[in-house]
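Worksheet: the structure to be examined is printed underneath.
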Amino acid sequence: MLTIDHIGIAVNDAEVIERVLNKLAECAPAVPENIIQQGVRARFYGDETHIEVLESIDHTSDLKRSLDKRGPGLHHIAFRVNNIQLQFHKMCNEGFIPLTDSPVFGANGKRIFFLDPRDTGGILVEFCQLMNQYTVLFDQCDELEKTMLSSGRCITSGSDSEHVVTSQGVSSIGRSVVIHNASKRLVGQELQSPSVPILISEVSTQSTHAYQLQCQWPDAQVVVLPVSIQHKCLPAVIFDFWESIDHG
């Protein structure tokens, strides 16, 4: 069976459902993302199978019409695939009718398409493919590794030939390196400046050490986040960092 990527919920007020999810499932606040072409704002919750909370930001959107007709509640189920174009053709050949002429860009860095619910027992079914996946060597940063692997955008590597996320030194460097919560220990050491792009991530209580380390490596980027939300927000920053390398 295909992996369920997320379950979509349509709401009129995302802040209300966020408070409910916090009580029901201890969900941390989610960063909203506007998908202008679809007229919706999306928030993703969870580490493995996500909950996607959708609210309309355009009174002419399909979501707005659905909310007006059916009210808030379960909206769709989304399956994750490795090749969205192949899945699109497969569904067409099986007699299903997609709601778009081809896969389109959706939230959270995905390409997606939906099937007409009249062909799926009244259930709105989505297929999605993560667009950018990165081969990563995680070195002694277990909690961040778990969070990032659950996104589906990381492939673990036993080599040092790709991106490295480490809370240790900088001896194993691939295309880039992320120094994670290690500034206090590393600052002041006579370390050779990395020859690849580097991101220094640190919690706010250690921000002084992070910026001191940046002084040793002037080309390094620094991101400082409160400890309470670091692992929630940092993956998106790292993905943007890697994407900038790919398109630099």
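Order determines the names: the first chain of the structure tokens is A, the second B, and so forth; residues in each chain are numbered 1 upward, and ligands are numbered 1 upward as they are shown.
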
- Item | 12 Å contact set for Glu190 of chain A, only C-alpha atoms, chain neighbours under 6 positions out, as an MDAnalysis selection string | chainID A and resid 169:170 213 216:217

Store the residues picked out above in a file with all heavy atoms, as a PDB file, in the first residue's frame.
```
ATOM      1  N   GLY A 169      32.679  17.936  14.944  1.00  0.00           N
ATOM      2  CA  GLY A 169      33.579  18.825  14.231  1.00  0.00           C
ATOM      3  C   GLY A 169      33.202  18.956  12.779  1.00  0.00           C
ATOM      4  O   GLY A 169      32.080  18.633  12.386  1.00  0.00           O
ATOM      5  N   VAL A 170      34.125  19.400  11.959  1.00  0.00           N
ATOM      6  CA  VAL A 170      33.853  19.635  10.547  1.00  0.00           C
ATOM      7  C   VAL A 170      34.822  18.848   9.662  1.00  0.00           C
ATOM      8  O   VAL A 170      35.162  19.273   8.575  1.00  0.00           O
ATOM      9  CB  VAL A 170      33.943  21.142  10.209  1.00  0.00           C
ATOM     10  CG1 VAL A 170      32.817  21.888  10.858  1.00  0.00           C
ATOM     11  CG2 VAL A 170      35.287  21.723  10.642  1.00  0.00           C
ATOM     12  N   LEU A 213      31.572  32.139  16.188  1.00  0.00           N
ATOM     13  CA  LEU A 213      32.025  31.131  15.233  1.00  0.00           C
ATOM     14  C   LEU A 213      31.915  31.666  13.811  1.00  0.00           C
ATOM     15  O   LEU A 213      32.781  31.400  12.960  1.00  0.00           O
ATOM     16  CB  LEU A 213      31.198  29.847  15.394  1.00  0.00           C
ATOM     17  CG  LEU A 213      31.685  28.604  14.643  1.00  0.00           C
ATOM     18  CD1 LEU A 213      33.105  28.231  15.056  1.00  0.00           C
ATOM     19  CD2 LEU A 213      30.734  27.429  14.895  1.00  0.00           C
ATOM     20  N   GLN A 216      34.881  33.513  12.714  1.00  0.00           N
ATOM     21  CA  GLN A 216      35.985  32.682  12.245  1.00  0.00           C
ATOM     22  C   GLN A 216      35.753  32.239  10.799  1.00  0.00           C
ATOM     23  O   GLN A 216      36.711  32.051  10.051  1.00  0.00           O
ATOM     24  CB  GLN A 216      36.132  31.439  13.135  1.00  0.00           C
ATOM     25  CG  GLN A 216      36.521  31.745  14.565  1.00  0.00           C
ATOM     26  CD  GLN A 216      36.616  30.487  15.411  1.00  0.00           C
ATOM     27  OE1 GLN A 216      36.191  30.460  16.561  1.00  0.00           O
ATOM     28  NE2 GLN A 216      37.166  29.429  14.850  1.00  0.00           N
ATOM     29  N   TRP A 217      34.481  32.077  10.433  1.00  0.00           N
ATOM     30  CA  TRP A 217      34.112  31.659   9.080  1.00  0.00           C
ATOM     31  C   TRP A 217      33.169  32.721   8.504  1.00  0.00           C
ATOM     32  O   TRP A 217      31.946  32.572   8.527  1.00  0.00           O
ATOM     33  CB  TRP A 217      33.406  30.307   9.110  1.00  0.00           C
ATOM     34  CG  TRP A 217      34.230  29.195   9.717  1.00  0.00           C
ATOM     35  CD1 TRP A 217      35.577  29.044   9.666  1.00  0.00           C
ATOM     36  CD2 TRP A 217      33.715  28.086  10.455  1.00  0.00           C
ATOM     37  NE1 TRP A 217      35.964  27.903  10.327  1.00  0.00           N
ATOM     38  CE2 TRP A 217      34.838  27.289  10.815  1.00  0.00           C
ATOM     39  CE3 TRP A 217      32.451  27.671  10.836  1.00  0.00           C
ATOM     40  CZ2 TRP A 217      34.720  26.117  11.555  1.00  0.00           C
ATOM     41  CZ3 TRP A 217      32.324  26.498  11.563  1.00  0.00           C
ATOM     42  CH2 TRP A 217      33.445  25.730  11.914  1.00  0.00           C
TER      43      TRP A 217
END
```

- Message: Give me the residues near Phe79 of chain A as a list in words, where near means some atom within 6 Å (using only C-alpha atoms) and where sequence neighbours in that chain fewer than 5 positions away do not count.
- Response: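 My list of contacting residues is Thr3, Ile4, Asp5 and Phe127 of chain A.
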
Written selection (N, CA and C atoms) as a PDB file, in the first residue's frame:
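The new file selection31.pdb reads:
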```
ATOM      1  N   THR A   3       2.201   4.905   0.944  1.00  0.00           N
ATOM      2  CA  THR A   3       2.282   5.617   2.217  1.00  0.00           C
ATOM      3  C   THR A   3       1.292   6.776   2.237  1.00  0.00           C
ATOM      4  N   ILE A   4       0.552   6.899   3.325  1.00  0.00           N
ATOM      5  CA  ILE A   4      -0.317   8.064   3.495  1.00  0.00           C
ATOM      6  C   ILE A   4       0.563   9.228   3.922  1.00  0.00           C
ATOM      7  N   ASP A   5       0.630  10.247   3.084  1.00  0.00           N
ATOM      8  CA  ASP A   5       1.457  11.413   3.384  1.00  0.00           C
ATOM      9  C   ASP A   5       0.757  12.327   4.387  1.00  0.00           C
ATOM     10  N   PHE A 127      -2.609  12.639  -4.723  1.00  0.00           N
ATOM     11  CA  PHE A 127      -1.289  12.016  -4.806  1.00  0.00           C
ATOM     12  C   PHE A 127      -0.261  13.140  -4.782  1.00  0.00           C
TER      13      PHE A 127
END
```

Determine, for each residue of segment 5-51 of chain A having at least one atom at most 10 Å from an atom of segment 106-124 of chain A, the closest pair of atoms and their separation in Å to one decimal, counting only C-alpha atoms; order by chain and ascending number, as CSV.
```
residue,atom,partner,partner_atom,distance
A:Gly8,CA,A:Leu124,CA,9.6
A:Pro32,CA,A:Ala107,CA,9.8
A:Glu33,CA,A:Ala107,CA,6.9
A:Asn34,CA,A:Ala107,CA,7.8
A:Ile35,CA,A:Ala107,CA,6.4
A:Ile36,CA,A:Gly106,CA,9.7
A:Gln37,CA,A:Gly106,CA,9.0
A:Gln38,CA,A:Gly106,CA,8.3
A:Val40,CA,A:Ala107,CA,9.5
A:Arg41,CA,A:Ala107,CA,8.7
A:Ala42,CA,A:Ala107,CA,6.8
A:Arg43,CA,A:Ala107,CA,8.8
A:Phe44,CA,A:Asn108,CA,8.2
```

Output all heavy atoms for every residue in the selection just made, as a compact mmCIF listing (two decimals), in the first residue's frame.
```
# COMPACT_ATOMS: atom_id res chain seq x y z
N GLY A 8 -6.11 15.80 4.94
CA GLY A 8 -6.48 17.20 4.88
C GLY A 8 -7.78 17.49 5.61
O GLY A 8 -8.74 16.73 5.52
N PRO A 32 2.20 28.78 8.70
CA PRO A 32 1.28 28.75 7.56
C PRO A 32 2.00 28.97 6.24
O PRO A 32 3.04 29.63 6.18
CB PRO A 32 0.31 29.89 7.85
CG PRO A 32 1.10 30.84 8.69
CD PRO A 32 2.03 30.00 9.52
N GLU A 33 1.43 28.40 5.19
CA GLU A 33 1.96 28.59 3.83
C GLU A 33 0.80 28.90 2.91
O GLU A 33 -0.18 28.13 2.84
CB GLU A 33 2.69 27.33 3.36
CG GLU A 33 3.20 27.41 1.93
CD GLU A 33 3.82 26.12 1.43
OE1 GLU A 33 3.95 25.16 2.24
OE2 GLU A 33 4.17 26.05 0.24
N ASN A 34 0.88 30.00 2.19
CA ASN A 34 -0.16 30.37 1.24
C ASN A 34 0.12 29.75 -0.12
O ASN A 34 1.24 29.87 -0.63
CB ASN A 34 -0.24 31.89 1.08
CG ASN A 34 -0.81 32.56 2.32
OD1 ASN A 34 -1.38 31.90 3.19
ND2 ASN A 34 -0.64 33.87 2.41
N ILE A 35 -0.87 29.07 -0.69
CA ILE A 35 -0.79 28.56 -2.05
C ILE A 35 -1.75 29.42 -2.87
O ILE A 35 -2.95 29.15 -2.96
CB ILE A 35 -1.16 27.06 -2.14
CG1 ILE A 35 -0.28 26.24 -1.19
CG2 ILE A 35 -0.95 26.55 -3.55
CD1 ILE A 35 -0.88 25.98 0.14
N ILE A 36 -1.19 30.48 -3.43
CA ILE A 36 -2.01 31.52 -4.05
C ILE A 36 -2.84 30.98 -5.20
O ILE A 36 -4.02 31.32 -5.35
CB ILE A 36 -1.12 32.68 -4.54
CG1 ILE A 36 -0.31 33.27 -3.37
CG2 ILE A 36 -1.96 33.76 -5.20
CD1 ILE A 36 -1.16 33.82 -2.25
N GLN A 37 -2.23 30.11 -6.03
CA GLN A 37 -2.94 29.63 -7.21
C GLN A 37 -4.16 28.79 -6.86
O GLN A 37 -5.07 28.64 -7.67
CB GLN A 37 -1.99 28.84 -8.13
CG GLN A 37 -1.41 27.58 -7.52
CD GLN A 37 -0.11 27.83 -6.78
OE1 GLN A 37 0.10 28.92 -6.25
NE2 GLN A 37 0.75 26.83 -6.74
N GLN A 38 -4.19 28.24 -5.63
CA GLN A 38 -5.35 27.47 -5.21
C GLN A 38 -6.24 28.24 -4.24
O GLN A 38 -7.31 27.77 -3.88
CB GLN A 38 -4.89 26.16 -4.55
CG GLN A 38 -4.14 25.23 -5.50
CD GLN A 38 -3.65 23.99 -4.81
OE1 GLN A 38 -4.27 23.49 -3.89
NE2 GLN A 38 -2.52 23.46 -5.26
N VAL A 40 -5.68 28.98 -1.04
CA VAL A 40 -5.76 28.37 0.28
C VAL A 40 -4.51 28.69 1.10
O VAL A 40 -3.46 29.02 0.56
CB VAL A 40 -5.93 26.83 0.20
CG1 VAL A 40 -7.18 26.47 -0.60
CG2 VAL A 40 -4.70 26.18 -0.41
N ARG A 41 -4.67 28.58 2.40
CA ARG A 41 -3.55 28.66 3.35
C ARG A 41 -3.46 27.30 4.04
O ARG A 41 -4.46 26.79 4.55
CB ARG A 41 -3.74 29.78 4.37
CG ARG A 41 -2.62 29.88 5.41
CD ARG A 41 -2.82 31.08 6.32
NE ARG A 41 -2.68 32.31 5.57
CZ ARG A 41 -3.57 33.28 5.56
NH1 ARG A 41 -4.70 33.16 6.25
NH2 ARG A 41 -3.38 34.39 4.85
N ALA A 42 -2.26 26.71 4.05
CA ALA A 42 -2.07 25.37 4.60
C ALA A 42 -1.15 25.41 5.80
O ALA A 42 -0.19 26.19 5.85
CB ALA A 42 -1.48 24.44 3.53
N ARG A 43 -1.46 24.57 6.78
CA ARG A 43 -0.59 24.35 7.92
C ARG A 43 -0.44 22.84 8.12
O ARG A 43 -1.44 22.13 8.12
CB ARG A 43 -1.17 24.97 9.20
CG ARG A 43 -1.17 26.48 9.26
CD ARG A 43 -1.91 26.96 10.51
NE ARG A 43 -1.76 28.38 10.76
CZ ARG A 43 -2.53 29.31 10.25
NH1 ARG A 43 -3.51 28.96 9.42
NH2 ARG A 43 -2.34 30.58 10.53
N PHE A 44 0.79 22.37 8.28
CA PHE A 44 1.04 20.94 8.46
C PHE A 44 1.42 20.65 9.90
O PHE A 44 2.26 21.35 10.48
CB PHE A 44 2.15 20.45 7.52
CG PHE A 44 1.71 20.29 6.10
CD1 PHE A 44 1.77 21.34 5.21
CD2 PHE A 44 1.21 19.07 5.66
CE1 PHE A 44 1.36 21.20 3.90
CE2 PHE A 44 0.79 18.91 4.34
CZ PHE A 44 0.86 19.97 3.46
```

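Restricting the calculation to only C-alpha atoms, the smallest distance between Asp13 of chain A and any of A:Val53, A:Val31, A:Leu74, A:Ala25 is found for A:Val53.
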
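When only C-alpha atoms are used to measure the gap to Ile179 of chain A, the shortest distance among A:Phe138, A:Tyr45, A:Phe105, A:Phe239 belongs to A:Phe138.
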
- What is the atom CA of Phe88 of chain A to atom CA of Ser102 of chain A distance in Å? 7.3 Å

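Using only C-alpha atoms, the residues found no farther than 9 Å from segment 145-149 of chain A, other than those of its own chain fewer than 6 positions away, are Asp47, Glu48, Phe138, Asp139, Ile155, Thr156, Val165, His231, Lys232 and Pro235 of chain A.
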
- Which of segment 3-180 of chain A DSSP labels alpha helix (DSSP H), written as a PyMOL selection string: chain A and resi 14-25+62-70+84-93+142-149

- Task: Please provide as a PyMOL selection string all residues within 10 Å of Gln212 of chain A, with the sequence filter that same-chain residues fewer than 2 positions apart are discarded (counting only C-alpha atoms).
- Result: chain A and resi 183-184+186-188+207-210+214-218

- Which distance in Å separates atom CA of Asp62 of chain A and atom CA of Asn83 of chain A, to one decimal? 25.8 Å

- With only C-alpha atoms as the atoms that count, which of A:Ser151, A:Asn93, A:Asn181, A:Asn22 lies nearest to Arg80 of chain A?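 Nearest candidate to Arg80 of chain A out of A:Ser151, A:Asn93, A:Asn181, A:Asn22: A:Ser151.
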